[in-house]
Amino acid sequence: MTALSVPARPEEDASLRPVPWQRMGWVTWRQHRATLAWVTVFLGVLAVAMWQAGRQLHSAYATALAACQPPVHSLACPGATIAFDGTNGFLGNGFLLQAVPVLIGAFAGAPVLARELETGTFRYAWTQAFGRWRWTLAKLVPLAVALAAVAGVFSLVFEWYYQPYFVAANQNLSLTEYTPFFPGLFDLRGIGFAAWTLVAFAIGALAGTLIRRVVPAIAATLVAYTGLAFAAGTWLRPAYMTPVVTSSVNVPGSAWVMSQWWTKGGKFAFSGWPSVRLLNQYCPAGPVGVGPGGKPKAVGLAECLTPHGYTQWTSYQPASRFWPFQWIEGGWLLVLSALLIAVTVWLVRRRAT
């Protein structure tokens, strides 16, 4: 007797009936719900601690604001100012939280694919009628969106916490005032925190695919993210928009000063602060005065150098450009994240089993 082979009907061919996206979404949730949970708890604990500290900070600011109102400062003004500045010990200038996006990217993004590649379970996953590239997308995209959303909610608490330090009237009241572009705070406010968390996750996913080991991928993510953040703050961010150039010495306290230089007779004289010889020649100690860090005040310098033909120039970014800068940085970070995820999918498609 001869066995006849009967071709499978199209409706019985599993390759023609791929697993629906919603079912793969359920699998992704089951596999990575612990990751989403620890990220949410981690940011939630930070948010609660920040809210508690922020209440004290806002209360101290209200007290200082009431005590230091012109034209006559209350006797309580110096003490209230010191109390306001000392309340910010919880976060300092925000540099502590600079590590949060990269920690999320390293410990949530790197293991997503690296763990399955390292253990070999990807071979089983790729045989489940879903396809390797769809499997990769179903893992990365929902996780990336969820992490960015949680980070965006957290940044609202961060924004509220630091709001007293961005009030334009602080400088006139001898209270601490930060420029909106302050390097420790800019990328944690607005959409920056969510955007940097997203790109950290994408870097981690790509590192995990390339290295195929969880721990080395985490280390590579930390290094790559640090390099990117340094390059953005040092070279990219200052070039987003052409700075404003002025010869006025009354530059707003909220401005991001890029550089300062002096000219004489229309020609460059020197940059920054004048030499000791020039100070001794034109600027007696009395009229100049002393500013922060023991340096001469800019207004005092202009008063004694301008009569001798010197003009001070300042290149700066006004505070009104904060949101354009945020959208520019958030935009290229989003594009970079999409590109990194696309490269990750391409590498998975080309990888031999």
# chains A, B, ... in the order shown; residues from 1 in each chain; ligands from 1
>>> select_by_dssp(residues="region 5-217 of chain A", states="helix (DSSP H, G or I)", output="JSON, numbers by chain")
{"A": [10, 11, 12, 14, 15, 16, 21, 22, 23, 24, 25, 26, 27, 28, 29, 30, 31, 32, 33, 34, 35, 36, 37, 38, 39, 40, 41, 42, 43, 44, 45, 46, 47, 48, 49, 50, 51, 52, 53, 54, 55, 56, 57, 58, 59, 60, 61, 62, 63, 64, 65, 66, 67, 77, 78, 79, 80, 81, 82, 83, 84, 85, 86, 87, 88, 89, 90, 95, 96, 97, 98, 99, 100, 101, 102, 103, 104, 105, 106, 107, 108, 109, 110, 111, 112, 113, 114, 115, 116, 117, 118, 119, 122, 123, 124, 125, 132, 133, 134, 135, 136, 137, 138, 139, 140, 141, 142, 143, 144, 145, 146, 147, 148, 149, 150, 151, 152, 153, 154, 155, 156, 157, 158, 159, 160, 161, 162, 163, 164, 165, 166, 171, 172, 173, 186, 187, 188, 192, 193, 194, 195, 196, 197, 198, 199, 200, 201, 202, 203, 204, 205, 206, 207, 208, 209, 210, 211, 214, 215, 216, 217]}
>>> closest_atom_pairs(of="region 118-209 of chain A", to="region 230-246 of chain A", cutoff="10 Å", atoms="only C-alpha atoms", output="JSON lines")
{"residue": "A:Phe181", "atom": "CA", "partner": "A:Arg237", "partner_atom": "CA", "distance": 9.5}
{"residue": "A:Pro183", "atom": "CA", "partner": "A:Gly233", "partner_atom": "CA", "distance": 7.1}
{"residue": "A:Gly184", "atom": "CA", "partner": "A:Gly233", "partner_atom": "CA", "distance": 9.7}
{"residue": "A:Phe186", "atom": "CA", "partner": "A:Gly233", "partner_atom": "CA", "distance": 9.5}
{"residue": "A:Asp187", "atom": "CA", "partner": "A:Gly233", "partner_atom": "CA", "distance": 9.0}
>>> write_last_selection(atoms="N, CA and C atoms", output="compact mmCIF listing (two decimals), in the first residue's frame")
# COMPACT_ATOMS: atom_id res chain seq x y z
N PHE A 181 17.92 76.62 31.74
CA PHE A 181 18.85 75.77 31.01
C PHE A 181 19.92 75.17 31.92
N PRO A 183 22.34 72.94 33.65
CA PRO A 183 22.69 71.61 33.13
C PRO A 183 22.19 70.44 33.98
N GLY A 184 22.02 70.65 35.27
CA GLY A 184 21.54 69.55 36.11
C GLY A 184 20.04 69.39 36.10
N PHE A 186 17.82 70.86 33.16
CA PHE A 186 17.14 71.02 31.89
C PHE A 186 16.61 69.70 31.35
N ASP A 187 17.44 68.66 31.34
CA ASP A 187 17.02 67.39 30.74
C ASP A 187 16.15 66.55 31.67
>>> closest_residue(among="A:Ala148, A:Gly79, A:Thr197, A:Tyr161", to="Ala49 (chain A)", atoms="only C-alpha atoms")
A:Tyr161
>>> select_by_dssp(residues="region 167-333 of chain A", states="strand (DSSP E or B)", output="PyMOL selection string")
chain A and resi 244-246+256-264+267-271+290+296+310-317
>>> closest_residue(among="A:Gly309, A:Gly300, A:Pro216, A:Gly331", to="Ala114 (chain A)", atoms="only C-alpha atoms")
A:Pro216
>>> residues_around(residues="Ala338 (chain A)", least_positions_apart="2", cutoff="12 Å", atoms="only C-alpha atoms", output="list in words")
Leu137, Leu140, Val141, Ala144, Val145, Ala195, Leu198, Val199, Ala200, Phe201, Ala202, Ile203, Ala205, Leu206, Gly331, Trp332, Leu333, Leu334, Val335, Leu336, Leu340, Ile341, Ala342, Val343, Thr344 and Val345 of chain A
>>> residues_around(residues="region 33-37 of chain A", least_positions_apart="3", cutoff="8 Å", atoms="only C-alpha atoms", output="PyMOL selection string")
chain A and resi 28-30+40-41+108+143+146-147
>>> write_last_selection(atoms="N, CA and C atoms", output="PDB file, in the first residue's frame")
ATOM      1  N   THR A  28       3.961  39.716  26.202  1.00  0.00           N
ATOM      2  CA  THR A  28       4.934  40.724  26.638  1.00  0.00           C
ATOM      3  C   THR A  28       4.613  41.221  28.037  1.00  0.00           C
ATOM      4  N   TRP A  29       3.332  41.450  28.301  1.00  0.00           N
ATOM      5  CA  TRP A  29       2.921  41.897  29.638  1.00  0.00           C
ATOM      6  C   TRP A  29       3.270  40.845  30.688  1.00  0.00           C
ATOM      7  N   ARG A  30       2.997  39.585  30.389  1.00  0.00           N
ATOM      8  CA  ARG A  30       3.277  38.514  31.358  1.00  0.00           C
ATOM      9  C   ARG A  30       4.775  38.401  31.627  1.00  0.00           C
ATOM     10  N   THR A  40       7.914  51.479  38.148  1.00  0.00           N
ATOM     11  CA  THR A  40       6.842  52.311  38.701  1.00  0.00           C
ATOM     12  C   THR A  40       7.030  52.540  40.191  1.00  0.00           C
ATOM     13  N   VAL A  41       7.384  51.484  40.914  1.00  0.00           N
ATOM     14  CA  VAL A  41       7.604  51.626  42.357  1.00  0.00           C
ATOM     15  C   VAL A  41       8.804  52.512  42.631  1.00  0.00           C
ATOM     16  N   ALA A 108      16.206  47.896  32.640  1.00  0.00           N
ATOM     17  CA  ALA A 108      14.929  47.510  32.033  1.00  0.00           C
ATOM     18  C   ALA A 108      15.083  47.244  30.545  1.00  0.00           C
ATOM     19  N   LEU A 143       6.887  48.347  25.773  1.00  0.00           N
ATOM     20  CA  LEU A 143       7.706  48.659  26.944  1.00  0.00           C
ATOM     21  C   LEU A 143       8.255  50.078  26.861  1.00  0.00           C
ATOM     22  N   ALA A 146       5.418  52.533  27.589  1.00  0.00           N
ATOM     23  CA  ALA A 146       5.029  52.502  29.005  1.00  0.00           C
ATOM     24  C   ALA A 146       6.067  53.189  29.887  1.00  0.00           C
ATOM     25  N   LEU A 147       7.343  52.927  29.639  1.00  0.00           N
ATOM     26  CA  LEU A 147       8.394  53.538  30.449  1.00  0.00           C
ATOM     27  C   LEU A 147       8.446  55.043  30.238  1.00  0.00           C
TER      28      LEU A 147
END
>>> decode(residues="region 58-94 of chain A", atoms="N, CA, C and O atoms", output="mmCIF file, in the first residue's frame")
data_model
loop_
_atom_site.group_PDB
_atom_site.id
_atom_site.type_symbol
_atom_site.label_atom_id
_atom_site.label_comp_id
_atom_site.auth_asym_id
_atom_site.auth_seq_id
_atom_site.Cartn_x
_atom_site.Cartn_y
_atom_site.Cartn_z
ATOM 1 N N HIS A 58 8.525 74.656 49.313
ATOM 2 C CA HIS A 58 7.572 75.688 48.916
ATOM 3 C C HIS A 58 7.165 76.547 50.105
ATOM 4 O O HIS A 58 6.945 77.761 49.957
ATOM 5 N N SER A 59 7.048 75.914 51.277
ATOM 6 C CA SER A 59 6.726 76.686 52.482
ATOM 7 C C SER A 59 7.850 77.652 52.836
ATOM 8 O O SER A 59 7.605 78.821 53.165
ATOM 9 N N ALA A 60 9.104 77.178 52.740
ATOM 10 C CA ALA A 60 10.254 78.049 53.020
ATOM 11 C C ALA A 60 10.336 79.175 51.993
ATOM 12 O O ALA A 60 10.702 80.310 52.336
ATOM 13 N N TYR A 61 9.974 78.889 50.756
ATOM 14 C CA TYR A 61 10.011 79.932 49.727
ATOM 15 C C TYR A 61 8.951 81.000 50.000
ATOM 16 O O TYR A 61 9.219 82.203 49.858
ATOM 17 N N ALA A 62 7.761 80.573 50.385
ATOM 18 C CA ALA A 62 6.706 81.544 50.695
ATOM 19 C C ALA A 62 7.109 82.436 51.862
ATOM 20 O O ALA A 62 6.863 83.654 51.852
ATOM 21 N N THR A 63 7.764 81.874 52.872
ATOM 22 C CA THR A 63 8.226 82.656 54.011
ATOM 23 C C THR A 63 9.288 83.664 53.583
ATOM 24 O O THR A 63 9.253 84.836 53.980
ATOM 25 N N ALA A 64 10.255 83.211 52.764
ATOM 26 C CA ALA A 64 11.308 84.110 52.293
ATOM 27 C C ALA A 64 10.743 85.200 51.393
ATOM 28 O O ALA A 64 11.183 86.356 51.443
ATOM 29 N N LEU A 65 9.769 84.854 50.585
ATOM 30 C CA LEU A 65 9.160 85.825 49.680
ATOM 31 C C LEU A 65 8.462 86.930 50.465
ATOM 32 O O LEU A 65 8.555 88.111 50.125
ATOM 33 N N ALA A 66 7.786 86.545 51.546
ATOM 34 C CA ALA A 66 7.090 87.536 52.367
ATOM 35 C C ALA A 66 8.066 88.407 53.155
ATOM 36 O O ALA A 66 7.825 89.603 53.360
ATOM 37 N N ALA A 67 9.185 87.816 53.582
ATOM 38 C CA ALA A 67 10.132 88.556 54.424
ATOM 39 C C ALA A 67 11.052 89.471 53.630
ATOM 40 O O ALA A 67 11.597 90.424 54.182
ATOM 41 N N CYS A 68 11.256 89.182 52.350
ATOM 42 C CA CYS A 68 12.254 89.920 51.565
ATOM 43 C C CYS A 68 11.647 90.838 50.523
ATOM 44 O O CYS A 68 12.341 91.271 49.598
ATOM 45 N N GLN A 69 10.351 91.148 50.649
ATOM 46 C CA GLN A 69 9.732 92.018 49.669
ATOM 47 C C GLN A 69 10.243 93.444 49.804
ATOM 48 O O GLN A 69 10.381 93.960 50.909
ATOM 49 N N PRO A 70 10.577 94.111 48.681
ATOM 50 C CA PRO A 70 10.990 95.505 48.747
ATOM 51 C C PRO A 70 9.783 96.399 49.086
ATOM 52 O O PRO A 70 8.640 95.927 49.011
ATOM 53 N N PRO A 71 9.981 97.669 49.455
ATOM 54 C CA PRO A 71 11.275 98.366 49.435
ATOM 55 C C PRO A 71 12.123 98.139 50.682
ATOM 56 O O PRO A 71 13.321 98.376 50.660
ATOM 57 N N VAL A 72 11.506 97.680 51.783
ATOM 58 C CA VAL A 72 12.246 97.477 53.019
ATOM 59 C C VAL A 72 12.184 96.003 53.382
ATOM 60 O O VAL A 72 11.101 95.467 53.587
ATOM 61 N N HIS A 73 13.335 95.367 53.448
ATOM 62 C CA HIS A 73 13.380 93.963 53.809
ATOM 63 C C HIS A 73 13.158 93.805 55.306
ATOM 64 O O HIS A 73 13.638 94.597 56.106
ATOM 65 N N SER A 74 12.416 92.757 55.655
ATOM 66 C CA SER A 74 12.214 92.451 57.070
ATOM 67 C C SER A 74 13.513 91.975 57.693
ATOM 68 O O SER A 74 14.418 91.490 57.003
ATOM 69 N N LEU A 75 13.607 92.119 59.021
ATOM 70 C CA LEU A 75 14.788 91.614 59.725
ATOM 71 C C LEU A 75 14.907 90.101 59.595
ATOM 72 O O LEU A 75 15.979 89.535 59.783
ATOM 73 N N ALA A 76 13.774 89.477 59.269
ATOM 74 C CA ALA A 76 13.773 88.022 59.120
ATOM 75 C C ALA A 76 14.238 87.576 57.746
ATOM 76 O O ALA A 76 14.373 86.377 57.494
ATOM 77 N N CYS A 77 14.519 88.518 56.829
ATOM 78 C CA CYS A 77 14.873 88.169 55.445
ATOM 79 C C CYS A 77 16.139 87.325 55.358
ATOM 80 O O CYS A 77 16.127 86.293 54.677
ATOM 81 N N PRO A 78 17.256 87.718 56.008
ATOM 82 C CA PRO A 78 18.470 86.884 55.878
ATOM 83 C C PRO A 78 18.259 85.451 56.355
ATOM 84 O O PRO A 78 18.690 84.498 55.693
ATOM 85 N N GLY A 79 17.596 85.314 57.503
ATOM 86 C CA GLY A 79 17.349 83.962 58.008
ATOM 87 C C GLY A 79 16.417 83.168 57.118
ATOM 88 O O GLY A 79 16.610 81.963 56.898
ATOM 89 N N ALA A 80 15.402 83.829 56.559
ATOM 90 C CA ALA A 80 14.466 83.143 55.663
ATOM 91 C C ALA A 80 15.150 82.726 54.369
ATOM 92 O O ALA A 80 14.866 81.656 53.818
ATOM 93 N N THR A 81 16.062 83.570 53.874
ATOM 94 C CA THR A 81 16.810 83.230 52.658
ATOM 95 C C THR A 81 17.698 82.018 52.879
ATOM 96 O O THR A 81 17.746 81.102 52.046
ATOM 97 N N ILE A 82 18.385 81.999 54.018
ATOM 98 C CA ILE A 82 19.249 80.854 54.339
ATOM 99 C C ILE A 82 18.415 79.589 54.494
ATOM 100 O O ILE A 82 18.796 78.508 54.030
ATOM 101 N N ALA A 83 17.249 79.720 55.131
ATOM 102 C CA ALA A 83 16.382 78.548 55.320
ATOM 103 C C ALA A 83 15.878 78.020 53.980
ATOM 104 O O ALA A 83 15.804 76.806 53.759
ATOM 105 N N PHE A 84 15.544 78.938 53.070
ATOM 106 C CA PHE A 84 15.070 78.518 51.745
ATOM 107 C C PHE A 84 16.163 77.783 50.977
ATOM 108 O O PHE A 84 15.937 76.716 50.400
ATOM 109 N N ASP A 85 17.364 78.348 50.964
ATOM 110 C CA ASP A 85 18.475 77.709 50.242
ATOM 111 C C ASP A 85 18.864 76.375 50.878
ATOM 112 O O ASP A 85 19.272 75.439 50.176
ATOM 113 N N GLY A 86 18.753 76.277 52.201
ATOM 114 C CA GLY A 86 19.136 75.039 52.879
ATOM 115 C C GLY A 86 18.121 73.928 52.771
ATOM 116 O O GLY A 86 18.432 72.764 53.037
ATOM 117 N N THR A 87 16.898 74.264 52.344
ATOM 118 C CA THR A 87 15.855 73.237 52.241
ATOM 119 C C THR A 87 16.087 72.298 51.078
ATOM 120 O O THR A 87 15.567 71.189 51.038
ATOM 121 N N ASN A 88 16.883 72.727 50.101
ATOM 122 C CA ASN A 88 17.069 71.937 48.887
ATOM 123 C C ASN A 88 18.124 70.854 49.033
ATOM 124 O O ASN A 88 18.659 70.387 48.046
ATOM 125 N N GLY A 89 18.434 70.447 50.248
ATOM 126 C CA GLY A 89 19.440 69.413 50.441
ATOM 127 C C GLY A 89 19.027 68.051 49.927
ATOM 128 O O GLY A 89 19.858 67.172 49.712
ATOM 129 N N PHE A 90 17.730 67.862 49.696
ATOM 130 C CA PHE A 90 17.234 66.554 49.242
ATOM 131 C C PHE A 90 17.763 66.196 47.859
ATOM 132 O O PHE A 90 18.180 65.065 47.616
ATOM 133 N N LEU A 91 17.767 67.180 46.945
ATOM 134 C CA LEU A 91 18.182 66.902 45.568
ATOM 135 C C LEU A 91 19.345 67.757 45.101
ATOM 136 O O LEU A 91 19.917 67.503 44.052
ATOM 137 N N GLY A 92 19.702 68.774 45.856
ATOM 138 C CA GLY A 92 20.767 69.662 45.399
ATOM 139 C C GLY A 92 20.369 70.322 44.094
ATOM 140 O O GLY A 92 19.272 70.847 43.955
ATOM 141 N N ASN A 93 21.216 70.286 43.108
ATOM 142 C CA ASN A 93 20.938 70.909 41.811
ATOM 143 C C ASN A 93 20.402 69.925 40.786
ATOM 144 O O ASN A 93 20.463 70.179 39.584
ATOM 145 N N GLY A 94 19.898 68.786 41.229
ATOM 146 C CA GLY A 94 19.301 67.831 40.313
ATOM 147 C C GLY A 94 20.257 66.800 39.761
ATOM 148 O O GLY A 94 19.827 65.873 39.060
#
